[in-house]
2 protein chains.
Amino acid sequence: MELLKERIRREGVVVAPGVLQLDAVLSHGADPVLTMEMGREFARRFAGERITKVITMESAGIAPAFATAHVLGVPLVFARRKFTLLNDPGSYMVRVPSFTKGIVSDLIVARHMLDENDSLLFIDDMVANGNAARGLIRIVEQAGAKLAGIGLVVEKTFQDGGRSLREMGYRVESLVRISAIGEGFIEFED
Amino acid sequence: MELLKERIRREGVVVAPGVLQLDAVLSHGADPVLTMEMGREFARRFAGERITKVITMESAGIAPAFATAHVLGVPLVFARRKFTLLNDPGSYMVRVPSFTKGIVSDLIVARHMLDENDSLLFIDDMVANGNAARGLIRIVEQAGAKLAGIGLVVEKTFQDGGRSLREMGYRVESLVRISAIGEGFIEFED
């Protein structure tokens with residue numbers, strides 16, 4: 001997706017080893033025109049999969065996942081990371097280490113949000129090592145639902161996330177693949 | 001908004017005193033058709049305000065705020081609640097008590113996301129006592145930006161949030177106003 005690459009070239013900041021900050025595009029906001037384009041692209045790539053719901057986790061995944069759900073005409077589900085008064089005590093819950101937060105966090109999905117007839121498309125902004133993504137997959141499995149595919153806005157191919165998800169047998173589609181980042185440079189794979 | 005009232009009547013669950021759970025519509029997911037309708041309605045009500053950006057806070061506000069930004073054709077900014085590797089150390093940061101989380105949490109916005117020429121529309125899913133909303137307003141003030149209005153998907157008029165924001169002089173528009181909730185009943189104001 002050229003439009004996205006261009007924004008990353010212009011606005012992407014490498015804030016720590018392996019950590020790419022894309023505030024206005026993903027982690028702190030969204031550009032609706034670009035985000036809708038992401039949604040159309042994910043919807044196009046997974047068009048044959050009879051997706052029933054799009055799933056993501058808060059927060060940076062929500063805008064691109066919502067756009068994808070909008071284009072596909074299906075509901076959006078997002079996993080919460082903190083148990084609050086609003087959560088059902090019987091919710092699916094897994095504990096995962098977080099790459100950018102530097103701590104473990106929980107992923108929580110209310111049982112009634114998923115069922116065994118669901119064919120889910122999991123959209124996320126970026127995966128690092130894939131720990132959170134594998135956590136969400138465990139929840140999908142617990143619900144007896146099918147994970148039809150995974151769409152990543154940005155895949156950092158120098159980290160293991162995308163590869164490990166493919167090795168689990170999932171179809172992973174990335175809008176942009178970054179092979180290396182460092183102070184002052186961002187290298188795209190294709 | 002009748003479509004939203006109907007969903008609340010059908011799916012709203014009172015999970016604790018004063019706490020309304022609307023999982024599939026707001027707090028754990030989104031129905032893109034309904035959410036886009038929210039966006040159009042907010043855009044219509046604030047059409048005269050020359051909005052430059054929509055602002056919200058993670059996570060339940062993101063989908064309706066994104067839809068509003070999409071209809072208005074402006075960028076979305078969302079405050080984060082947790083300081084991570086991705087955040088600029090110099091970010092605006094305020095500490096606020098959270099009604100549903102039962103703890104204090106931070107609101108964080110990177111400085112480069114806002115500037116003094118911004119005329120912001122703040123969209124949120126629901127306010128309880130308005131503590132988080134007043135926190136976000138302090139950030140808007142620190143940035144020297146103008147807060148042109150506040151749009152709430154659901155206003156619980158039996159709590160102080162909406163009123164306190166109006167008393168500060170802000171224009172607050174709510175899509176649905178709920179005057180009372182309890183076990184098995186939800187009362188709408190109009």
# chains A, B, ... in the order shown; residues from 1 in each chain; ligands from 1
>>> select_by_dssp(residues="stretch 18-182 of chain A", states="strand (DSSP E)", output="MDAnalysis selection string")
chainID A and resid 19:21 29:30 53:57 76:79 92:97 104:109 119:127 146:156 172:182
>>> interface_residues(of="chain B", to="chain A", cutoff="9 Å", atoms="only C-alpha atoms", output="PyMOL selection string")
chain B and resi 15-16+19-24+27-33+36+55+58-60+62-63+66-67+69-71+73-80+82-88+99-102+109-110+113
>>> select_by_dssp(residues="stretch 68-105 of chain B", states="alpha helix (DSSP H)", output="mmCIF file with N, CA and C atoms, in the first residue's frame")
data_model
loop_
_atom_site.group_PDB
_atom_site.id
_atom_site.type_symbol
_atom_site.label_atom_id
_atom_site.label_comp_id
_atom_site.auth_asym_id
_atom_site.auth_seq_id
_atom_site.Cartn_x
_atom_site.Cartn_y
_atom_site.Cartn_z
ATOM 1 N N THR B 68 -17.157 9.846 13.187
ATOM 2 C CA THR B 68 -17.415 11.285 13.116
ATOM 3 C C THR B 68 -16.316 11.994 12.329
ATOM 4 N N ALA B 69 -15.071 11.625 12.607
ATOM 5 C CA ALA B 69 -13.933 12.207 11.883
ATOM 6 C C ALA B 69 -14.036 11.886 10.394
ATOM 7 N N HIS B 70 -14.442 10.663 10.087
ATOM 8 C CA HIS B 70 -14.610 10.238 8.689
ATOM 9 C C HIS B 70 -15.648 11.114 7.986
ATOM 10 N N VAL B 71 -16.796 11.320 8.624
ATOM 11 C CA VAL B 71 -17.853 12.120 7.999
ATOM 12 C C VAL B 71 -17.412 13.582 7.865
ATOM 13 N N LEU B 72 -16.738 14.107 8.883
ATOM 14 C CA LEU B 72 -16.277 15.503 8.843
ATOM 15 C C LEU B 72 -15.056 15.689 7.938
#
>>> residues_around(residues="stretch 137-140 of chain B", least_positions_apart="4", cutoff="10 Å", atoms="only C-alpha atoms", output="PyMOL selection string")
chain B and resi 55+79+91-94+107-109+111+114-116+118-120+122+131-133+144-147+165
>>> write_last_selection(atoms="N, CA and C atoms", output="short mmCIF file (atom, residue, chain, number, x, y, z; two decimals), in the first residue's frame")
data_model
loop_
_atom_site.label_atom_id
_atom_site.label_comp_id
_atom_site.auth_asym_id
_atom_site.auth_seq_id
_atom_site.Cartn_x
_atom_site.Cartn_y
_atom_site.Cartn_z
N ILE B 55 -11.34 14.48 18.78
CA ILE B 55 -10.49 13.91 19.83
C ILE B 55 -11.33 13.01 20.74
N ALA B 79 -6.49 10.01 23.08
CA ALA B 79 -5.61 10.01 24.25
C ALA B 79 -5.38 8.56 24.66
N SER B 91 4.97 14.31 26.54
CA SER B 91 3.53 14.37 26.23
C SER B 91 2.73 15.12 27.29
N TYR B 92 1.59 15.68 26.88
CA TYR B 92 0.62 16.17 27.86
C TYR B 92 0.12 14.97 28.65
N MET B 93 0.01 15.14 29.96
CA MET B 93 -0.43 14.01 30.78
C MET B 93 -1.22 14.54 31.96
N VAL B 94 -2.41 14.00 32.19
CA VAL B 94 -3.19 14.34 33.38
C VAL B 94 -3.63 13.05 34.04
N LEU B 107 -4.26 10.18 31.31
CA LEU B 107 -4.60 10.48 29.92
C LEU B 107 -3.36 11.13 29.33
N ILE B 108 -2.95 10.62 28.19
CA ILE B 108 -1.68 11.05 27.58
C ILE B 108 -1.93 11.42 26.12
N VAL B 109 -1.49 12.60 25.73
CA VAL B 109 -1.57 13.01 24.32
C VAL B 109 -0.22 13.59 23.92
N ARG B 111 2.39 15.92 22.21
CA ARG B 111 2.25 17.35 21.91
C ARG B 111 2.01 17.63 20.43
N LEU B 114 -1.69 17.99 18.68
CA LEU B 114 -2.60 19.15 18.85
C LEU B 114 -1.82 20.44 18.67
N ASP B 115 -2.49 21.47 18.19
CA ASP B 115 -1.85 22.78 18.23
C ASP B 115 -2.87 23.88 18.45
N GLU B 116 -2.39 25.09 18.63
CA GLU B 116 -3.27 26.18 19.06
C GLU B 116 -4.26 26.63 17.98
N ASP B 118 -6.11 24.43 16.48
CA ASP B 118 -7.14 23.39 16.41
C ASP B 118 -8.45 23.82 17.05
N SER B 119 -9.52 23.45 16.37
CA SER B 119 -10.87 23.59 16.91
C SER B 119 -11.40 22.15 17.02
N LEU B 120 -11.45 21.64 18.25
CA LEU B 120 -11.64 20.21 18.46
C LEU B 120 -13.07 19.85 18.81
N PHE B 122 -14.80 16.86 20.77
CA PHE B 122 -14.51 15.74 21.68
C PHE B 122 -15.70 14.79 21.67
N ASN B 131 -15.11 13.05 35.11
CA ASN B 131 -13.72 13.26 35.52
C ASN B 131 -12.74 13.09 34.35
N ALA B 132 -12.92 12.03 33.59
CA ALA B 132 -12.02 11.79 32.47
C ALA B 132 -12.20 12.90 31.42
N ALA B 133 -13.45 13.28 31.18
CA ALA B 133 -13.71 14.34 30.20
C ALA B 133 -13.04 15.64 30.63
N GLY B 144 -3.41 24.85 24.12
CA GLY B 144 -3.84 26.14 23.59
C GLY B 144 -4.86 26.01 22.47
N ALA B 145 -5.46 24.82 22.35
CA ALA B 145 -6.46 24.58 21.30
C ALA B 145 -7.84 24.99 21.81
N LYS B 146 -8.79 25.08 20.89
CA LYS B 146 -10.16 25.42 21.25
C LYS B 146 -11.00 24.14 21.28
N LEU B 147 -11.81 23.99 22.31
CA LEU B 147 -12.75 22.87 22.33
C LEU B 147 -14.10 23.40 21.85
N LEU B 165 -20.17 19.54 32.46
CA LEU B 165 -19.49 20.03 31.25
C LEU B 165 -20.22 21.23 30.67
#
>>> decode(residues="stretch 36-81 of chain B", atoms="N, CA and C atoms", output="CSV table (one decimal), in the first residue's frame")
chain,number,residue,atom,x,y,z
B,36,MET,N,-21.6,4.4,12.1
B,36,MET,CA,-21.6,5.5,11.1
B,36,MET,C,-22.8,6.4,11.2
B,37,GLU,N,-23.9,5.9,11.6
B,37,GLU,CA,-25.1,6.8,11.8
B,37,GLU,C,-24.8,7.8,13.0
B,38,MET,N,-24.1,7.3,14.0
B,38,MET,CA,-23.7,8.2,15.1
B,38,MET,C,-22.8,9.3,14.5
B,39,GLY,N,-21.8,8.9,13.7
B,39,GLY,CA,-20.9,9.8,13.1
B,39,GLY,C,-21.6,10.9,12.3
B,40,ARG,N,-22.6,10.5,11.5
B,40,ARG,CA,-23.3,11.4,10.7
B,40,ARG,C,-24.1,12.4,11.5
B,41,GLU,N,-24.7,11.9,12.6
B,41,GLU,CA,-25.5,12.7,13.5
B,41,GLU,C,-24.6,13.8,14.2
B,42,PHE,N,-23.5,13.3,14.7
B,42,PHE,CA,-22.6,14.3,15.4
B,42,PHE,C,-22.1,15.3,14.4
B,43,ALA,N,-21.7,14.9,13.2
B,43,ALA,CA,-21.2,15.8,12.2
B,43,ALA,C,-22.3,16.8,11.8
B,44,ARG,N,-23.5,16.4,11.7
B,44,ARG,CA,-24.7,17.3,11.4
B,44,ARG,C,-24.8,18.3,12.5
B,45,ARG,N,-24.8,17.8,13.8
B,45,ARG,CA,-25.0,18.8,14.9
B,45,ARG,C,-23.9,19.8,15.1
B,46,PHE,N,-22.7,19.4,14.7
B,46,PHE,CA,-21.5,20.4,14.9
B,46,PHE,C,-21.1,20.9,13.5
B,47,ALA,N,-22.0,20.9,12.6
B,47,ALA,CA,-21.6,21.3,11.2
B,47,ALA,C,-21.1,22.7,11.1
B,48,GLY,N,-21.6,23.6,11.9
B,48,GLY,CA,-21.2,25.0,11.8
B,48,GLY,C,-19.9,25.4,12.5
B,49,GLU,N,-19.2,24.4,13.1
B,49,GLU,CA,-18.1,24.7,14.1
B,49,GLU,C,-16.7,24.7,13.5
B,50,ARG,N,-16.6,24.4,12.2
B,50,ARG,CA,-15.2,24.4,11.6
B,50,ARG,C,-14.2,23.5,12.4
B,51,ILE,N,-14.7,22.3,12.6
B,51,ILE,CA,-13.9,21.4,13.4
B,51,ILE,C,-12.6,21.0,12.6
B,52,THR,N,-11.4,21.0,13.3
B,52,THR,CA,-10.2,20.6,12.6
B,52,THR,C,-9.8,19.2,12.9
B,53,LYS,N,-10.2,18.7,14.1
B,53,LYS,CA,-9.8,17.4,14.5
B,53,LYS,C,-10.9,16.9,15.5
B,54,VAL,N,-11.1,15.6,15.5
B,54,VAL,CA,-12.0,14.9,16.5
B,54,VAL,C,-11.0,14.3,17.5
B,55,ILE,N,-11.3,14.5,18.8
B,55,ILE,CA,-10.5,13.9,19.8
B,55,ILE,C,-11.3,13.0,20.7
B,56,THR,N,-10.7,11.9,21.2
B,56,THR,CA,-11.4,11.0,22.1
B,56,THR,C,-10.4,10.4,23.0
B,57,MET,N,-10.8,9.4,23.9
B,57,MET,CA,-9.8,8.7,24.6
B,57,MET,C,-10.1,7.2,24.4
B,58,GLU,N,-9.0,6.4,24.5
B,58,GLU,CA,-9.2,5.0,24.3
B,58,GLU,C,-10.1,4.5,25.4
B,59,SER,N,-10.9,3.4,25.2
B,59,SER,CA,-11.0,2.7,23.9
B,59,SER,C,-12.4,2.8,23.3
B,60,ALA,N,-13.4,2.8,24.2
B,60,ALA,CA,-14.8,2.7,23.7
B,60,ALA,C,-15.2,3.9,22.8
B,61,GLY,N,-14.5,5.0,23.0
B,61,GLY,CA,-14.8,6.2,22.2
B,61,GLY,C,-14.3,6.2,20.8
B,62,ILE,N,-13.3,5.3,20.5
B,62,ILE,CA,-12.6,5.3,19.3
B,62,ILE,C,-13.5,5.1,18.0
B,63,ALA,N,-14.3,4.1,18.1
B,63,ALA,CA,-15.1,3.8,16.9
B,63,ALA,C,-16.1,5.0,16.6
B,64,PRO,N,-16.9,5.4,17.5
B,64,PRO,CA,-17.8,6.6,17.1
B,64,PRO,C,-17.0,7.8,16.8
B,65,ALA,N,-15.9,8.1,17.5
B,65,ALA,CA,-15.1,9.3,17.1
B,65,ALA,C,-14.5,9.1,15.7
B,66,PHE,N,-14.0,7.9,15.4
B,66,PHE,CA,-13.5,7.7,14.0
B,66,PHE,C,-14.6,7.9,13.0
B,67,ALA,N,-15.8,7.4,13.2
B,67,ALA,CA,-16.9,7.6,12.3
B,67,ALA,C,-17.2,9.1,12.1
B,68,THR,N,-17.2,9.8,13.2
B,68,THR,CA,-17.4,11.3,13.1
B,68,THR,C,-16.3,12.0,12.3
B,69,ALA,N,-15.1,11.6,12.6
B,69,ALA,CA,-13.9,12.2,11.9
B,69,ALA,C,-14.0,11.9,10.4
B,70,HIS,N,-14.4,10.7,10.1
B,70,HIS,CA,-14.6,10.2,8.7
B,70,HIS,C,-15.6,11.1,8.0
B,71,VAL,N,-16.8,11.3,8.6
B,71,VAL,CA,-17.9,12.1,8.0
B,71,VAL,C,-17.4,13.6,7.9
B,72,LEU,N,-16.7,14.1,8.9
B,72,LEU,CA,-16.3,15.5,8.8
B,72,LEU,C,-15.1,15.7,7.9
B,73,GLY,N,-14.4,14.6,7.6
B,73,GLY,CA,-13.2,14.7,6.8
B,73,GLY,C,-12.0,15.3,7.5
B,74,VAL,N,-11.8,15.0,8.8
B,74,VAL,CA,-10.7,15.5,9.6
B,74,VAL,C,-10.0,14.4,10.3
B,75,PRO,N,-8.8,14.6,10.8
B,75,PRO,CA,-8.1,13.5,11.5
B,75,PRO,C,-8.7,13.3,12.9
B,76,LEU,N,-8.4,12.0,13.4
B,76,LEU,CA,-8.8,11.6,14.7
B,76,LEU,C,-7.6,11.6,15.6
B,77,VAL,N,-7.7,12.0,16.8
B,77,VAL,CA,-6.7,11.9,17.9
B,77,VAL,C,-7.3,11.2,19.0
B,78,PHE,N,-6.6,10.2,19.5
B,78,PHE,CA,-7.1,9.6,20.8
B,78,PHE,C,-6.0,9.6,21.9
B,79,ALA,N,-6.5,10.0,23.1
B,79,ALA,CA,-5.6,10.0,24.2
B,79,ALA,C,-5.4,8.6,24.7
B,80,ARG,N,-4.1,8.2,25.0
B,80,ARG,CA,-3.8,6.9,25.6
B,80,ARG,C,-3.9,7.0,27.1
B,81,ARG,N,-4.1,5.8,27.7
B,81,ARG,CA,-4.3,5.8,29.1
B,81,ARG,C,-3.1,5.2,29.8
